[in-house]
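Chemist: Provided below: entry_1.tsv, containing TSV, C-alpha atoms.
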```tsv
chain	number	residue	atom	x	y	z
A	1	MET	CA	-3.97	-22.70	-5.15
A	2	ILE	CA	-6.71	-22.15	-2.64
A	3	LEU	CA	-5.17	-20.02	0.09
A	4	PRO	CA	-6.13	-20.53	3.73
A	5	ASP	CA	-9.37	-18.69	4.30
A	6	PRO	CA	-8.05	-16.08	6.80
A	7	LEU	CA	-5.28	-15.09	4.41
A	8	GLN	CA	-7.56	-14.94	1.37
A	9	LYS	CA	-9.98	-12.69	3.25
A	10	LEU	CA	-7.14	-10.39	4.23
A	11	ILE	CA	-5.89	-10.21	0.63
A	12	ASN	CA	-9.41	-9.43	-0.60
A	13	ALA	CA	-9.78	-6.60	1.92
A	14	LEU	CA	-6.34	-5.16	1.16
A	15	GLU	CA	-7.07	-5.20	-2.58
A	16	ARG	CA	-9.89	-2.76	-2.02
A	17	LEU	CA	-7.47	-0.08	-0.81
A	18	PRO	CA	-6.47	2.56	-3.36
A	19	GLY	CA	-3.19	1.91	-5.15
A	20	ILE	CA	-2.97	-1.68	-3.93
A	21	GLY	CA	-3.40	-4.30	-6.62
A	22	PRO	CA	-3.64	-8.10	-6.29
A	23	LYS	CA	0.14	-8.55	-6.18
A	24	SER	CA	0.75	-5.85	-3.56
A	25	ALA	CA	-2.13	-7.21	-1.51
A	26	SER	CA	-0.59	-10.69	-1.45
A	27	ARG	CA	2.79	-9.27	-0.62
A	28	LEU	CA	1.39	-7.20	2.25
A	29	ALA	CA	-0.63	-10.13	3.59
A	30	PHE	CA	2.41	-12.39	3.62
A	31	PHE	CA	4.48	-9.66	5.19
A	32	LEU	CA	1.92	-9.31	7.97
A	33	LEU	CA	1.95	-13.06	8.43
A	34	ARG	CA	5.72	-13.19	8.72
A	35	SER	CA	6.36	-10.00	10.67
A	36	GLY	CA	8.00	-10.98	13.92
A	37	ASP	CA	6.26	-8.41	16.10
A	38	ASP	CA	2.52	-8.12	16.50
A	39	LEU	CA	2.02	-5.68	13.63
A	40	ALA	CA	-1.09	-7.53	12.36
A	41	ASP	CA	-2.81	-7.28	15.73
A	42	GLU	CA	-1.70	-3.69	16.19
A	43	LEU	CA	-3.17	-2.79	12.83
A	44	ALA	CA	-6.35	-4.70	13.66
A	45	GLN	CA	-6.72	-2.71	16.86
A	46	ALA	CA	-6.10	0.59	15.11
A	47	LEU	CA	-8.75	-0.26	12.51
A	48	HIS	CA	-11.37	-1.61	14.86
A	49	GLY	CA	-14.21	0.87	15.18
A	50	LEU	CA	-12.13	3.56	13.49
A	51	LYS	CA	-15.12	5.56	12.37
A	52	GLU	CA	-16.71	5.57	15.80
A	53	ARG	CA	-13.54	6.94	17.36
A	54	VAL	CA	-13.09	9.81	14.95
A	55	ALA	CA	-15.47	12.74	14.59
A	56	PHE	CA	-15.64	15.94	12.58
A	57	CYS	CA	-15.05	19.39	14.03
A	58	GLN	CA	-18.37	21.26	14.15
A	59	GLU	CA	-16.63	24.49	13.20
A	60	CYS	CA	-14.30	23.61	10.31
A	61	PHE	CA	-15.23	19.95	9.58
A	62	ASN	CA	-11.66	18.80	9.96
A	63	ILE	CA	-11.26	15.46	11.74
A	64	THR	CA	-10.99	15.27	15.51
A	65	SER	CA	-11.33	12.68	18.26
A	66	ALA	CA	-14.84	11.45	18.98
A	67	GLY	CA	-16.49	13.37	21.80
A	68	ARG	CA	-14.76	16.65	21.01
A	69	GLU	CA	-16.81	19.40	19.44
A	70	HIS	CA	-13.91	21.26	17.87
A	71	CYS	CA	-10.58	20.19	16.40
A	72	GLU	CA	-7.16	21.07	17.81
A	73	ILE	CA	-6.73	23.90	15.34
A	74	CYS	CA	-10.08	25.59	15.98
A	75	ASP	CA	-9.46	25.33	19.73
A	76	ASP	CA	-5.97	26.83	19.48
A	77	PRO	CA	-6.08	30.49	20.60
A	78	ARG	CA	-2.74	31.17	18.90
A	79	ARG	CA	-4.20	30.57	15.44
A	80	ASP	CA	-5.20	33.64	13.44
A	81	SER	CA	-9.01	33.68	13.27
A	82	THR	CA	-9.07	36.37	10.58
A	83	LEU	CA	-7.45	34.09	8.00
A	84	LEU	CA	-9.39	31.12	6.66
A	85	CYS	CA	-8.06	28.47	4.28
A	86	VAL	CA	-10.70	26.46	2.41
A	87	VAL	CA	-9.59	22.96	1.37
A	88	GLU	CA	-11.17	19.93	-0.26
A	89	ASP	CA	-10.49	17.40	2.45
A	90	ALA	CA	-8.78	16.77	5.75
A	91	LEU	CA	-5.67	15.35	4.06
A	92	ASP	CA	-5.07	18.80	2.58
A	93	VAL	CA	-5.09	20.26	6.10
A	94	LEU	CA	-2.39	17.74	6.99
A	95	SER	CA	-0.28	18.78	3.98
A	96	LEU	CA	-0.61	22.47	4.77
A	97	GLU	CA	0.13	21.91	8.46
A	98	ARG	CA	3.29	20.04	7.52
A	99	THR	CA	4.63	23.20	5.89
A	100	GLY	CA	4.32	25.00	9.21
A	101	GLY	CA	3.70	28.16	7.20
A	102	PHE	CA	0.00	28.79	7.67
A	103	PRO	CA	-1.00	30.70	10.82
A	104	GLY	CA	-4.79	30.77	10.22
A	105	LYS	CA	-7.66	28.35	10.49
A	106	TYR	CA	-9.24	25.94	8.01
A	107	HIS	CA	-12.54	25.01	6.49
A	108	VAL	CA	-12.87	21.53	4.98
A	109	LEU	CA	-15.42	21.25	2.15
A	110	HIS	CA	-15.38	17.43	2.02
A	111	GLY	CA	-15.25	17.34	-1.75
A	112	VAL	CA	-15.52	19.56	-4.80
A	113	LEU	CA	-18.39	20.54	-7.07
A	114	SER	CA	-18.73	17.93	-9.79
A	115	PRO	CA	-21.81	18.03	-12.00
A	116	ILE	CA	-20.75	14.75	-13.64
A	117	GLU	CA	-20.78	12.93	-10.32
A	118	GLY	CA	-23.88	14.85	-9.24
A	119	ILE	CA	-22.14	16.72	-6.43
A	120	GLY	CA	-23.69	20.16	-5.94
A	121	PRO	CA	-23.15	22.94	-3.36
A	122	ASP	CA	-25.52	21.28	-0.89
A	123	ASP	CA	-23.38	18.13	-0.80
A	124	LEU	CA	-20.40	20.11	0.44
A	125	LYS	CA	-19.81	22.12	3.61
A	126	ILE	CA	-20.41	25.38	1.74
A	127	GLN	CA	-23.42	26.67	3.70
A	128	PRO	CA	-21.51	26.34	7.03
A	129	LEU	CA	-18.64	28.27	5.39
A	130	ILE	CA	-20.96	31.12	4.37
A	131	GLU	CA	-22.42	31.22	7.88
A	132	ARG	CA	-18.95	31.25	9.37
A	133	VAL	CA	-18.02	34.23	7.22
A	134	ARG	CA	-21.33	35.96	7.97
A	135	ARG	CA	-20.60	35.76	11.69
A	136	GLY	CA	-17.72	38.16	10.98
A	137	GLY	CA	-14.10	38.41	12.07
A	138	ILE	CA	-12.66	36.85	8.91
A	139	LYS	CA	-10.58	39.18	6.73
A	140	GLU	CA	-9.21	36.82	4.10
A	141	VAL	CA	-10.36	33.53	2.62
A	142	ILE	CA	-7.74	31.47	0.77
A	143	LEU	CA	-9.42	29.11	-1.68
A	144	ALA	CA	-7.00	26.16	-1.58
A	145	THR	CA	-8.97	23.63	-3.57
A	146	ASN	CA	-6.82	21.57	-5.94
A	147	PRO	CA	-5.53	23.21	-9.14
A	148	SER	CA	-7.77	20.87	-11.16
A	149	MET	CA	-10.85	21.57	-13.28
A	150	GLU	CA	-13.24	20.75	-10.44
A	151	GLY	CA	-11.09	22.55	-7.88
A	152	ASP	CA	-10.98	25.68	-10.04
A	153	ALA	CA	-14.73	25.56	-10.66
A	154	THR	CA	-15.40	25.19	-6.95
A	155	ALA	CA	-13.10	28.13	-6.17
A	156	LEU	CA	-14.89	30.24	-8.78
A	157	TYR	CA	-18.25	29.36	-7.30
A	158	LEU	CA	-17.06	30.15	-3.77
A	159	ARG	CA	-15.64	33.50	-4.87
A	160	GLN	CA	-19.07	34.48	-6.17
A	161	ARG	CA	-20.74	33.36	-2.96
A	162	LEU	CA	-18.22	35.26	-0.83
A	163	GLU	CA	-18.28	38.45	-2.89
A	164	PRO	CA	-21.10	40.16	-0.93
A	165	PHE	CA	-19.04	40.03	2.26
A	166	GLY	CA	-16.36	42.35	0.84
A	167	LEU	CA	-13.40	40.39	2.17
A	168	ARG	CA	-10.15	39.44	0.48
A	169	VAL	CA	-10.51	36.19	-1.49
A	170	THR	CA	-7.29	34.60	-2.76
A	171	ARG	CA	-6.18	31.43	-4.50
A	172	LEU	CA	-2.89	29.53	-4.03
A	173	ALA	CA	-0.18	30.52	-6.52
A	174	ARG	CA	0.31	28.40	-9.61
A	175	GLY	CA	3.74	27.97	-11.19
A	176	LEU	CA	6.76	25.71	-11.38
A	177	PRO	CA	7.16	23.34	-8.45
A	178	VAL	CA	10.28	23.96	-6.38
A	179	GLY	CA	13.09	21.75	-7.63
A	180	GLY	CA	11.16	21.24	-10.88
A	181	ASP	CA	12.48	21.41	-14.40
A	182	LEU	CA	11.27	23.74	-17.13
A	183	GLU	CA	11.86	21.00	-19.67
A	184	TYR	CA	9.37	18.68	-17.98
A	185	ALA	CA	6.75	21.24	-16.97
A	186	ASP	CA	3.48	20.92	-18.85
A	187	GLN	CA	2.24	23.73	-21.08
A	188	ASN	CA	-0.43	24.95	-18.68
A	189	THR	CA	1.92	25.13	-15.74
A	190	LEU	CA	4.45	27.06	-17.82
A	191	LEU	CA	1.79	29.50	-19.02
A	192	ARG	CA	0.70	30.04	-15.42
A	193	ALA	CA	4.30	30.50	-14.31
A	194	LEU	CA	4.79	33.12	-17.03
A	195	ALA	CA	1.57	34.94	-16.24
A	196	GLY	CA	2.31	34.91	-12.52
A	197	ARG	CA	5.94	36.02	-12.82
A	198	GLN	CA	7.15	38.22	-9.98
A	199	GLU	CA	9.77	40.93	-9.42
A	200	MET	CA	12.99	39.54	-8.01
A	201	ASP	CA	13.88	40.97	-4.66
B	1	MET	CA	-1.29	19.32	13.44
B	2	ILE	CA	-1.87	16.70	16.08
B	3	LEU	CA	-4.14	14.12	14.46
B	4	PRO	CA	-6.82	12.35	16.51
B	5	ASP	CA	-5.12	9.53	18.37
B	6	PRO	CA	-6.93	6.61	16.64
B	7	LEU	CA	-5.99	7.96	13.21
B	8	GLN	CA	-2.38	8.64	14.17
B	9	LYS	CA	-2.02	5.10	15.52
B	10	LEU	CA	-3.41	3.70	12.28
B	11	ILE	CA	-1.01	5.79	10.20
B	12	ASN	CA	1.91	4.66	12.35
B	13	ALA	CA	0.97	1.02	11.88
B	14	LEU	CA	0.43	1.37	8.12
B	15	GLU	CA	3.81	3.08	7.73
B	16	ARG	CA	5.50	-0.07	8.95
B	17	LEU	CA	4.25	-2.03	5.93
B	18	PRO	CA	6.71	-2.48	3.06
B	19	GLY	CA	6.41	0.03	0.23
B	20	ILE	CA	4.14	2.32	2.23
B	21	GLY	CA	5.68	5.64	3.22
B	22	PRO	CA	4.27	8.40	5.43
B	23	LYS	CA	2.22	9.94	2.60
B	24	SER	CA	0.70	6.67	1.42
B	25	ALA	CA	-0.05	5.76	5.04
B	26	SER	CA	-1.99	9.00	5.57
B	27	ARG	CA	-3.81	8.54	2.29
B	28	LEU	CA	-4.80	4.98	3.16
B	29	ALA	CA	-5.90	5.96	6.67
B	30	PHE	CA	-8.13	8.74	5.35
B	31	PHE	CA	-9.49	6.44	2.68
B	32	LEU	CA	-10.42	3.91	5.36
B	33	LEU	CA	-12.04	6.67	7.38
B	34	ARG	CA	-14.12	7.86	4.45
B	35	SER	CA	-14.97	4.54	2.83
B	36	GLY	CA	-18.74	4.18	2.87
B	37	ASP	CA	-18.81	0.47	3.55
B	38	ASP	CA	-17.26	-1.21	6.56
B	39	LEU	CA	-13.88	-1.85	4.97
B	40	ALA	CA	-11.99	-0.75	8.09
B	41	ASP	CA	-13.82	-3.24	10.29
B	42	GLU	CA	-13.56	-5.95	7.67
B	43	LEU	CA	-9.82	-5.43	7.50
B	44	ALA	CA	-9.62	-5.38	11.30
B	45	GLN	CA	-11.40	-8.73	11.46
B	46	ALA	CA	-9.18	-10.25	8.78
B	47	LEU	CA	-6.09	-9.12	10.67
B	48	HIS	CA	-7.17	-10.09	14.15
B	49	GLY	CA	-5.27	-13.16	15.29
B	50	LEU	CA	-4.02	-13.76	11.75
B	51	LYS	CA	-1.02	-15.75	12.86
B	52	GLU	CA	-3.06	-18.03	15.09
B	53	ARG	CA	-5.40	-18.88	12.23
B	54	VAL	CA	-2.69	-19.77	9.73
B	55	ALA	CA	-0.30	-22.70	10.07
B	56	PHE	CA	2.47	-24.25	8.02
B	57	CYS	CA	2.14	-27.52	6.16
B	58	GLN	CA	4.24	-30.18	7.91
B	59	GLU	CA	5.24	-31.68	4.57
B	60	CYS	CA	6.19	-28.72	2.36
B	61	PHE	CA	6.03	-25.74	4.81
B	62	ASN	CA	3.62	-23.86	2.60
B	63	ILE	CA	0.89	-21.99	4.49
B	64	THR	CA	-2.36	-23.69	5.39
B	65	SER	CA	-5.30	-23.16	7.74
B	66	ALA	CA	-4.61	-23.70	11.43
B	67	GLY	CA	-5.49	-27.22	12.54
B	68	ARG	CA	-4.59	-28.83	9.21
B	69	GLU	CA	-1.44	-30.89	9.05
B	70	HIS	CA	-0.93	-30.60	5.30
B	71	CYS	CA	-1.69	-27.91	2.75
B	72	GLU	CA	-4.18	-28.19	-0.10
B	73	ILE	CA	-1.45	-29.02	-2.57
B	74	CYS	CA	0.18	-31.78	-0.53
B	75	ASP	CA	-3.26	-33.30	0.11
B	76	ASP	CA	-4.24	-33.19	-3.57
B	77	PRO	CA	-3.87	-36.73	-5.05
B	78	ARG	CA	-3.89	-35.29	-8.59
B	79	ARG	CA	-0.57	-33.50	-8.06
B	80	ASP	CA	2.55	-35.27	-9.35
B	81	SER	CA	4.52	-36.44	-6.31
B	82	THR	CA	7.61	-37.23	-8.37
B	83	LEU	CA	8.19	-33.56	-9.24
B	84	LEU	CA	9.27	-31.17	-6.49
B	85	CYS	CA	9.70	-27.42	-6.83
B	86	VAL	CA	11.84	-25.74	-4.17
B	87	VAL	CA	11.00	-22.07	-3.56
B	88	GLU	CA	12.10	-19.36	-1.15
B	89	ASP	CA	8.73	-18.52	0.34
B	90	ALA	CA	5.02	-19.15	0.16
B	91	LEU	CA	4.44	-16.14	-2.09
B	92	ASP	CA	6.47	-17.90	-4.77
B	93	VAL	CA	4.11	-20.87	-4.54
B	94	LEU	CA	1.27	-18.45	-5.21
B	95	SER	CA	3.04	-17.03	-8.27
B	96	LEU	CA	3.77	-20.45	-9.70
B	97	GLU	CA	0.23	-21.67	-9.02
B	98	ARG	CA	-1.16	-18.66	-10.88
B	99	THR	CA	0.59	-19.89	-14.03
B	100	GLY	CA	-1.37	-23.11	-13.80
B	101	GLY	CA	1.60	-24.79	-15.48
B	102	PHE	CA	3.17	-26.75	-12.65
B	103	PRO	CA	1.72	-30.19	-11.95
B	104	GLY	CA	4.03	-31.20	-9.10
B	105	LYS	CA	4.41	-30.37	-5.43
B	106	TYR	CA	6.39	-27.73	-3.57
B	107	HIS	CA	8.91	-27.28	-0.82
B	108	VAL	CA	9.15	-23.87	0.83
B	109	LEU	CA	12.58	-23.04	2.27
B	110	HIS	CA	11.43	-19.93	4.17
B	111	GLY	CA	14.42	-17.89	3.09
B	112	VAL	CA	17.76	-18.16	1.34
B	113	LEU	CA	21.29	-18.72	2.54
B	114	SER	CA	22.83	-15.39	3.43
B	115	PRO	CA	26.14	-15.36	5.29
B	116	ILE	CA	25.90	-11.57	5.66
B	117	GLU	CA	22.63	-11.82	7.54
B	118	GLY	CA	23.84	-14.91	9.36
B	119	ILE	CA	21.34	-17.27	7.74
B	120	GLY	CA	22.81	-20.75	7.36
B	121	PRO	CA	21.35	-24.08	6.20
B	122	ASP	CA	19.92	-24.83	9.65
B	123	ASP	CA	17.80	-21.68	9.56
B	124	LEU	CA	16.00	-22.90	6.44
B	125	LYS	CA	13.79	-25.93	5.80
B	126	ILE	CA	16.68	-27.73	4.10
B	127	GLN	CA	16.93	-30.74	6.41
B	128	PRO	CA	13.22	-31.57	5.93
B	129	LEU	CA	13.80	-31.32	2.15
B	130	ILE	CA	16.67	-33.80	2.31
B	131	GLU	CA	14.55	-36.17	4.39
B	132	ARG	CA	11.67	-35.82	1.96
B	133	VAL	CA	13.96	-36.78	-0.91
B	134	ARG	CA	15.48	-39.62	1.11
B	135	ARG	CA	12.03	-41.14	1.64
B	136	GLY	CA	12.04	-41.70	-2.14
B	137	GLY	CA	9.48	-41.27	-4.91
B	138	ILE	CA	10.86	-37.94	-6.15
B	139	LYS	CA	12.40	-37.98	-9.62
B	140	GLU	CA	13.12	-34.33	-10.25
B	141	VAL	CA	13.80	-31.35	-8.02
B	142	ILE	CA	13.39	-27.91	-9.61
B	143	LEU	CA	15.41	-25.32	-7.69
B	144	ALA	CA	13.21	-22.24	-8.12
B	145	THR	CA	14.94	-19.87	-5.74
B	146	ASN	CA	15.18	-16.31	-7.08
B	147	PRO	CA	17.70	-15.55	-9.83
B	148	SER	CA	19.65	-13.40	-7.36
B	149	MET	CA	23.06	-13.88	-5.80
B	150	GLU	CA	21.64	-15.47	-2.65
B	151	GLY	CA	19.11	-17.49	-4.63
B	152	ASP	CA	21.83	-18.84	-6.91
B	153	ALA	CA	24.11	-19.66	-3.98
B	154	THR	CA	21.27	-21.49	-2.23
B	155	ALA	CA	20.51	-23.45	-5.41
B	156	LEU	CA	24.18	-24.37	-5.76
B	157	TYR	CA	24.30	-25.56	-2.15
B	158	LEU	CA	21.11	-27.60	-2.57
B	159	ARG	CA	22.43	-29.23	-5.75
B	160	GLN	CA	25.46	-30.45	-3.80
B	161	ARG	CA	23.28	-31.78	-0.98
B	162	LEU	CA	20.96	-33.52	-3.45
B	163	GLU	CA	23.70	-35.03	-5.60
B	164	PRO	CA	24.02	-38.32	-3.64
B	165	PHE	CA	20.39	-39.18	-4.38
B	166	GLY	CA	20.99	-39.40	-8.14
B	167	LEU	CA	17.86	-37.53	-9.18
B	168	ARG	CA	17.39	-34.86	-11.81
B	169	VAL	CA	18.09	-31.40	-10.38
B	170	THR	CA	17.06	-28.43	-12.54
B	171	ARG	CA	16.92	-24.66	-12.29
B	172	LEU	CA	14.32	-22.30	-13.84
B	173	ALA	CA	15.38	-20.92	-17.25
B	174	ARG	CA	16.98	-17.48	-17.39
B	175	GLY	CA	16.44	-15.20	-20.39
B	176	LEU	CA	14.41	-12.33	-21.73
B	177	PRO	CA	11.05	-11.83	-20.00
B	178	VAL	CA	8.07	-12.34	-22.30
B	179	GLY	CA	7.02	-8.99	-23.76
B	180	GLY	CA	10.42	-7.59	-22.82
B	181	ASP	CA	12.68	-5.50	-24.96
B	182	LEU	CA	16.25	-6.36	-25.96
B	183	GLU	CA	17.14	-2.70	-25.70
B	184	TYR	CA	16.20	-2.54	-22.02
B	185	ALA	CA	17.48	-5.96	-20.96
B	186	ASP	CA	20.48	-5.81	-18.64
B	187	GLN	CA	23.79	-7.30	-19.70
B	188	ASN	CA	23.56	-10.40	-17.52
B	189	THR	CA	20.08	-11.27	-18.71
B	190	LEU	CA	21.17	-10.90	-22.32
B	191	LEU	CA	24.23	-13.09	-21.74
B	192	ARG	CA	22.00	-15.72	-20.14
B	193	ALA	CA	19.52	-15.47	-22.99
B	194	LEU	CA	22.33	-16.01	-25.50
B	195	ALA	CA	23.84	-18.91	-23.58
B	196	GLY	CA	20.45	-20.55	-23.14
B	197	ARG	CA	19.29	-20.11	-26.74
B	198	GLN	CA	17.13	-22.91	-28.05
B	199	GLU	CA	16.25	-24.49	-31.40
B	200	MET	CA	13.11	-23.05	-32.90
B	201	ASP	CA	10.42	-25.62	-33.39
```
Once more with this new file: its structure as structure tokens, please.
Modeler:
Amino acid sequence: MILPDPLQKLINALERLPGIGPKSASRLAFFLLRSGDDLADELAQALHGLKERVAFCQECFNITSAGREHCEICDDPRRDSTLLCVVEDALDVLSLERTGGFPGKYHVLHGVLSPIEGIGPDDLKIQPLIERVRRGGIKEVILATNPSMEGDATALYLRQRLEPFGLRVTRLARGLPVGGDLEYADQNTLLRALAGRQEMD
Amino acid sequence: MILPDPLQKLINALERLPGIGPKSASRLAFFLLRSGDDLADELAQALHGLKERVAFCQECFNITSAGREHCEICDDPRRDSTLLCVVEDALDVLSLERTGGFPGKYHVLHGVLSPIEGIGPDDLKIQPLIERVRRGGIKEVILATNPSMEGDATALYLRQRLEPFGLRVTRLARGLPVGGDLEYADQNTLLRALAGRQEMD
């Protein structure tokens, strides 16, 4: 069946989103077509010129509204400026903020080192991080890149770069996820959980 | 964290789509923000005024481009007009068309009978179906509503309504899905597969 052109175009665009295959794309397109309210138009408005309306914080490279130099977090005087959490991307900031348990500020690398994909230190926001640390006032840097091969390698590289500044450099704890099951934990996670075992208090 | 307003609005809109929760919505929004090409604007264009650009076929109530009276299938002289397949919605037409195995035409009910949700025969395109059959030329009606309780009830109701016309009324076969596994088939499906067993040829 040749679908009406507007619908086919919408399905094609939706298919390009991550995790959305041809069937989901059709289902979403038909849902948007049927939805009683003006969800389709609302979504269209939210998408229109998205990139022009969002900018990156010039301090931590987190996202912020266009026209602002700094993000909400960097501008917040209540945040602890001596504690810096380095993450791969802005989504990670969102996850950490959801916990409500981090009082410091962030630095978004916008990626990880990946020799295979040709991503080196100059492709990431590493130089601005070094300069931020050099300016002083930071006592601890938490390297919160993902617990993956690339994330670990990037953390290792950053630790070396930060060594001369004599500050505390930490990495997020590895172990069993809360609510997890020993039986289903993979070998590496279990080994890490063993190695990182702590006194009960 | 308070996200930039344009991004938050996008996440809110995406969350209203079926099967997309808060985490997926954030992930999609950030993907759209980062995507190198102009996917966000392309999607915005495809969504803008979607409903105004899509209409329903006046014969079978399948979707078609705005301004057209009939859909591609109803207008296609190569399709068998004596064979009519009744489906719940336009997505089902898409699924059946993908098989490439149905030579006839369709009739889209736009829902199923559901006393609980207060959907009666007048809320569906049942009257137009009866009139279509009354006009003559149709030899077989395949009731291809979903094999669910509501789908079965709707099929049963339609069979009664179509009885006076003396045409062949069929229902899609029930049984084991191709590539399926006896071990994982539910009881009802297995019972149906047994009852509907066929001679090997």
Chemist: In Å, with one decimal, what is the gap from atom CA of Val169 of chain B to atom CA of Leu143 of chain B?
Modeler: 7.2 Å
Chemist: What lies within 12 Å of Ala44 of chain A using only C-alpha atoms, ignoring chain neighbours under 5 positions off, as a list in words?
Modeler: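 Non-adjacent residues within range: Leu10, Leu32, Asp38, Leu39, Gly49 and Leu50 of chain A; Pro6, Lys9, Leu10, Ala13, Leu14, Leu39, Ala40, Asp41, Glu42, Leu43, Ala44, Gln45, Ala46, Leu47, His48, Gly49 and Leu50 of chain B.
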Chemist: What lies within 8 Å of Arg68 of chain A using all atoms listed in the file, ignoring chain neighbours under 3 positions off, as a PyMOL selection string?
Modeler: chain A and resi 55+57+64-65+71
Chemist: Considering all atoms listed in the file, state which residue in the set A:Gly100, A:Pro147, A:Pro18, A:Pro4 is at the smallest distance from Val112 of chain A.
Modeler: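 Once distances to Val112 of chain A are computed over all atoms listed in the file, the minimum belongs to A:Pro147.
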Chemist: Taking all atoms listed in the file into account, name the residue in A:Ser148, A:Leu28, A:Val86, A:Leu156 that is nearest to Leu124 of chain A.
Modeler: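 Among A:Ser148, A:Leu28, A:Val86, A:Leu156, it is A:Val86 that comes nearest to Leu124 of chain A.
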Chemist: Atom CA of Pro128 of chain B and atom CA of Pro115 of chain B, how far apart in Å?
Modeler: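 Between atom CA of Pro115 of chain B and atom CA of Pro128 of chain B the gap works out to 20.7 Å.
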Chemist: If you measure from atom CA of Gly151 of chain A to atom CA of Gln8 of chain B, what distance in Å do you get, rounded to one decimal?
Modeler: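 Distance reported for this atom pair: 27.5 Å.
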Chemist: Have a look at A:Ala195, A:Cys74, A:Val87, A:Ile126 and name the one nearest to Gln58 of chain A; count all atoms listed in the file.
Modeler: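 For Gln58 of chain A, the nearest of the given residues is A:Cys74.
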Chemist: Using only C-alpha atoms, which of B:Arg79, B:Arg53, B:Arg27, B:Arg161 sits nearest Gly67 of chain B?
Modeler: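 When distances to Gly67 of chain B are compared using only C-alpha atoms, the smallest one comes from B:Arg53.
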Chemist: Which of these residues is nearest to chain A, using all atoms listed in the file: B:Asp80, B:Asp5, B:Glu88, B:Glu69?
Modeler: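 Closest to chain A, using all atoms listed in the file: B:Asp5.
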Chemist: Do you know which residues lie at most 12 Å from (3.0, -25.0, -13.9), with coordinates as in the file and only C-alpha atoms counted, and could you write them as number ranges by chain?
Modeler: A: 1; B: 79-80, 83-85, 93-106, 142, 172
Chemist: Closest to Leu109 of chain B among B:Asn188, B:Ser24, B:Asn62, B:Gln198, using only C-alpha atoms?
Modeler: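 When distances to Leu109 of chain B are compared using only C-alpha atoms, the smallest one comes from B:Asn62.
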Chemist: Around the point (-13.2, 40.0, 7.8) (coordinates from the file), which residues reach within 12 Å if we count all atoms listed in the file? Answer as a PDB file with C-alpha atoms, keeping the file's coordinate frame.
Modeler:
```
ATOM      1  CA  ASP A  80      -5.200  33.640  13.440  1.00  0.00           C
ATOM      2  CA  SER A  81      -9.010  33.680  13.270  1.00  0.00           C
ATOM      3  CA  THR A  82      -9.070  36.370  10.580  1.00  0.00           C
ATOM      4  CA  LEU A  83      -7.450  34.090   8.000  1.00  0.00           C
ATOM      5  CA  LEU A  84      -9.390  31.120   6.660  1.00  0.00           C
ATOM      6  CA  ARG A 132     -18.950  31.250   9.370  1.00  0.00           C
ATOM      7  CA  VAL A 133     -18.020  34.230   7.220  1.00  0.00           C
ATOM      8  CA  ARG A 134     -21.330  35.960   7.970  1.00  0.00           C
ATOM      9  CA  ARG A 135     -20.600  35.760  11.690  1.00  0.00           C
ATOM     10  CA  GLY A 136     -17.720  38.160  10.980  1.00  0.00           C
ATOM     11  CA  GLY A 137     -14.100  38.410  12.070  1.00  0.00           C
ATOM     12  CA  ILE A 138     -12.660  36.850   8.910  1.00  0.00           C
ATOM     13  CA  LYS A 139     -10.580  39.180   6.730  1.00  0.00           C
ATOM     14  CA  GLU A 140      -9.210  36.820   4.100  1.00  0.00           C
ATOM     15  CA  VAL A 141     -10.360  33.530   2.620  1.00  0.00           C
ATOM     16  CA  LEU A 162     -18.220  35.260  -0.830  1.00  0.00           C
ATOM     17  CA  GLU A 163     -18.280  38.450  -2.890  1.00  0.00           C
ATOM     18  CA  PRO A 164     -21.100  40.160  -0.930  1.00  0.00           C
ATOM     19  CA  PHE A 165     -19.040  40.030   2.260  1.00  0.00           C
ATOM     20  CA  GLY A 166     -16.360  42.350   0.840  1.00  0.00           C
ATOM     21  CA  LEU A 167     -13.400  40.390   2.170  1.00  0.00           C
ATOM     22  CA  ARG A 168     -10.150  39.440   0.480  1.00  0.00           C
ATOM     23  CA  VAL A 169     -10.510  36.190  -1.490  1.00  0.00           C
TER      24      VAL A 169
END
```
Chemist: Excluding Arg34 of chain A and residues on its chain fewer than 4 positions from it, collect all residues at most 9 Å away from it, counting only C-alpha atoms, and give them as a short mmCIF file (atom, residue, chain, number, x, y, z; two decimals) with C-alpha atoms, in the coordinates of the input.
Modeler:
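out04.cif, freshly written:
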```cif
data_model
loop_
_atom_site.label_atom_id
_atom_site.label_comp_id
_atom_site.auth_asym_id
_atom_site.auth_seq_id
_atom_site.Cartn_x
_atom_site.Cartn_y
_atom_site.Cartn_z
CA ALA A 29 -0.63 -10.13 3.59
CA PHE A 30 2.41 -12.39 3.62
CA LYS B 51 -1.02 -15.75 12.86
#
```
